[in-house]
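Notes for the one structure printed next.
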Amino acid sequence: KSISEKIYGRVNDVLRRNGFVNYFFRKVTTASWLEDNPIYQYLYWRRIKGLIKKWAYFPPVVLVGITNICNSRCRICPIEKHPLPKGIMTVELFERIIKECHAMGVQKIILSGGEPLLDQTLVDKIILSKKIAPEIRVVMFTNGSLLTADIARKLVESGLDEITISFDGTNEKSYEYIRRNLDYQKVAANIRTLREIRDKINVFKKPFIRMDMVSLETNKDNHNAFIRETEAMADL
């Protein structure tokens with residue numbers, strides 16, 4: 001990587017991890033006095049054109065659907081209506097994908113599905129990806145229902161960079177209405193366990209723990225409650 005790319009990557013990492021810095025940065029960079037500045041405009045569009053040229057052939061982020069099997073029946077997800085046969089990606093195919101991503105300069109891969117924790121080779125795949133392409137950031141999405149203490153420890157030790165947990169609700173009623181077949185209290189406890197294990201055995205606080213909520217009619221008035229509820233469980 002060039003020096004400018006390393007600097008950009010470091011700044012982006014700080015912005016992603018620090019909510020206050022991110023807020024301040026966006027306030028400054030979207031201010032009208034800066035947007036109208038010709039020097040800023042020149043540098044901004046130079047950067048945009050550079051990214052377009054760099055990523056015109058291959059994307060910087062690749063979503064890898066390692067399984068289309070799921071243990072939940074969420075109201076917001078159409079996976080059960082998908083025509084593809086159910087299954088789990090083989091380690092051999094996954095290895096081919098990672099090698100290609102490595103060769104093409106991909107910056108991040110996202111392991112998704114389905115529910116990735118149903119894949120018994122998930123940890124092996126994460127370890128393999130870090131062995132082949134340690135520079136690629138590995139992120140996974142999960143509903144957190146299968147996140148036992150044993151699995152949490154293995155994920156922390158695997159080298160996983162970030163885990164995003166879909167948690168659509170601030171109480172049992174709103175959560176379990178959307179995420180059918182899942183238990184609100186159990187998933188919340190699983191997330192707390194993950195953070196406790198991570199903070200205990202990984203000095204770099206990896207993986208970064210993120211919690212997402214899809215805004216629906218049933219929970220749209222609970223955004224602030226969601227933040228209060230999850231701030232002790234996640235980093236963001």
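Following the order of the structure tokens, chains are lettered A, B, ..., residues in each are numbered from 1, and ligands are numbered from 1.
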
>> When DSSP is applied to the backbone of this structure, which of region 24-197 of chain A are assigned alpha helix (DSSP H)? Write them out as a PyMOL selection string.
In response: chain A and resi 24-29+32-35+38-55+91-103+122-132+149-158+172-178+184-197

> Which one is closest to Cys70 (chain A): A:Arg179, A:Phe58, A:Lys108, A:Glu157? Count only C-alpha atoms.
Replying inline: A:Arg179

>> My list of candidates is A:Val123, A:Thr67, A:Arg75, A:Leu43. Which is closest to Asn181 (chain A) when distances are computed with only C-alpha atoms?
In response: A:Arg75

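Atom pair CA of Leu122 (chain A) / CA of Ile98 (chain A) has a distance of 13.7 Å (rounded to one decimal).
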
>> Taking only region 4-232 of chain A into account, list the residues labelled strand (DSSP E or B) by DSSP (computed from the backbone), as a list of chain:residue names.
In response: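 These are the residues in question: A:Val61, A:Val62, A:Leu63, A:Val64, A:Gly65, A:Thr67, A:Ile88, A:Lys108, A:Ile109, A:Ile110, A:Leu111, A:Ser112, A:Arg137, A:Val138, A:Val139, A:Met140, A:Phe141, A:Thr142, A:Glu162, A:Ile163, A:Thr164, A:Ile165, A:Ser166, A:Phe208, A:Ile209, A:Arg210, A:Met211, A:Asp212.
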
>> Measuring between only C-alpha atoms, which one of A:Ile209, A:Ile136, A:Leu194, A:Ile165 shows the shortest distance to Ile151 (chain A)?
In response: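 Between A:Ile209, A:Ile136, A:Leu194, A:Ile165, the residue approaching Ile151 (chain A) most closely is A:Leu194.
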
>> What's around Arg73 (chain A) at 12 Å? Count only C-alpha atoms, leave out sequence neighbours fewer than 3 positions away in its own chain, and write the answer as a ChimeraX atom specification.
In response: /A:69-70,76-81,114-115,143,176-182

Would you write out those residues with C-alpha atoms, as a compact mmCIF listing (two decimals), in the first residue's frame?
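To be explicit, this is the file written out as result-v9.txt:
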```txt
# COMPACT_ATOMS: atom_id res chain seq x y z
CA ILE A 69 -29.52 -21.79 5.89
CA CYS A 70 -30.92 -19.90 8.88
CA ILE A 76 -37.83 -8.70 7.17
CA CYS A 77 -35.88 -11.48 5.41
CA PRO A 78 -36.87 -13.22 2.15
CA ILE A 79 -34.32 -16.04 2.42
CA GLU A 80 -36.96 -18.77 2.66
CA LYS A 81 -38.35 -17.69 -0.71
CA GLY A 114 -28.22 -17.25 6.18
CA GLU A 115 -26.79 -17.64 9.64
CA ASN A 143 -28.20 -13.02 14.67
CA GLU A 176 -39.30 -11.48 19.03
CA TYR A 177 -42.05 -10.09 16.80
CA ILE A 178 -39.43 -9.40 14.11
CA ARG A 179 -36.92 -12.18 14.81
CA ARG A 180 -39.15 -15.19 15.06
CA ASN A 181 -37.70 -18.36 16.65
CA LEU A 182 -35.13 -16.32 18.61
```

> Using only C-alpha atoms, which residue out of A:Pro38, A:Gly169, A:Pro116, A:Gly87 lies closest to Val139 (chain A)?
Replying inline: A:Pro116

> Any idea what's packed within 12 Å of Ile163 (chain A), counting only C-alpha atoms, ignoring anything in its chain fewer than 2 positions away? Could you give it as a PyMOL selection string?
Replying inline: chain A and resi 109-112+116-117+126+137-144+147+152+155-156+159-161+165-166+191+194-195+198+205-212+234-236

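The closest residue to Met104 (chain A), picked from A:Ala189, A:Tyr57, A:Arg153, A:Asp199 and counting only C-alpha atoms, is A:Tyr57.
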
>> Rounded to one decimal, what separation in Å do you get between CA of Thr193 (chain A) and CA of Ser158 (chain A)?
In response: 16.7 Å

>> Could you list, as a list of chain:residue names, every residue within 12 Å of Glu92 (chain A), counting only C-alpha atoms and ignoring same-chain residues fewer than 6 positions away?
In response: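 The filter keeps A:Ile66, A:Ile98, A:Lys99, A:Thr121, A:Asp124, A:Lys125, A:Leu128, A:Ser129.
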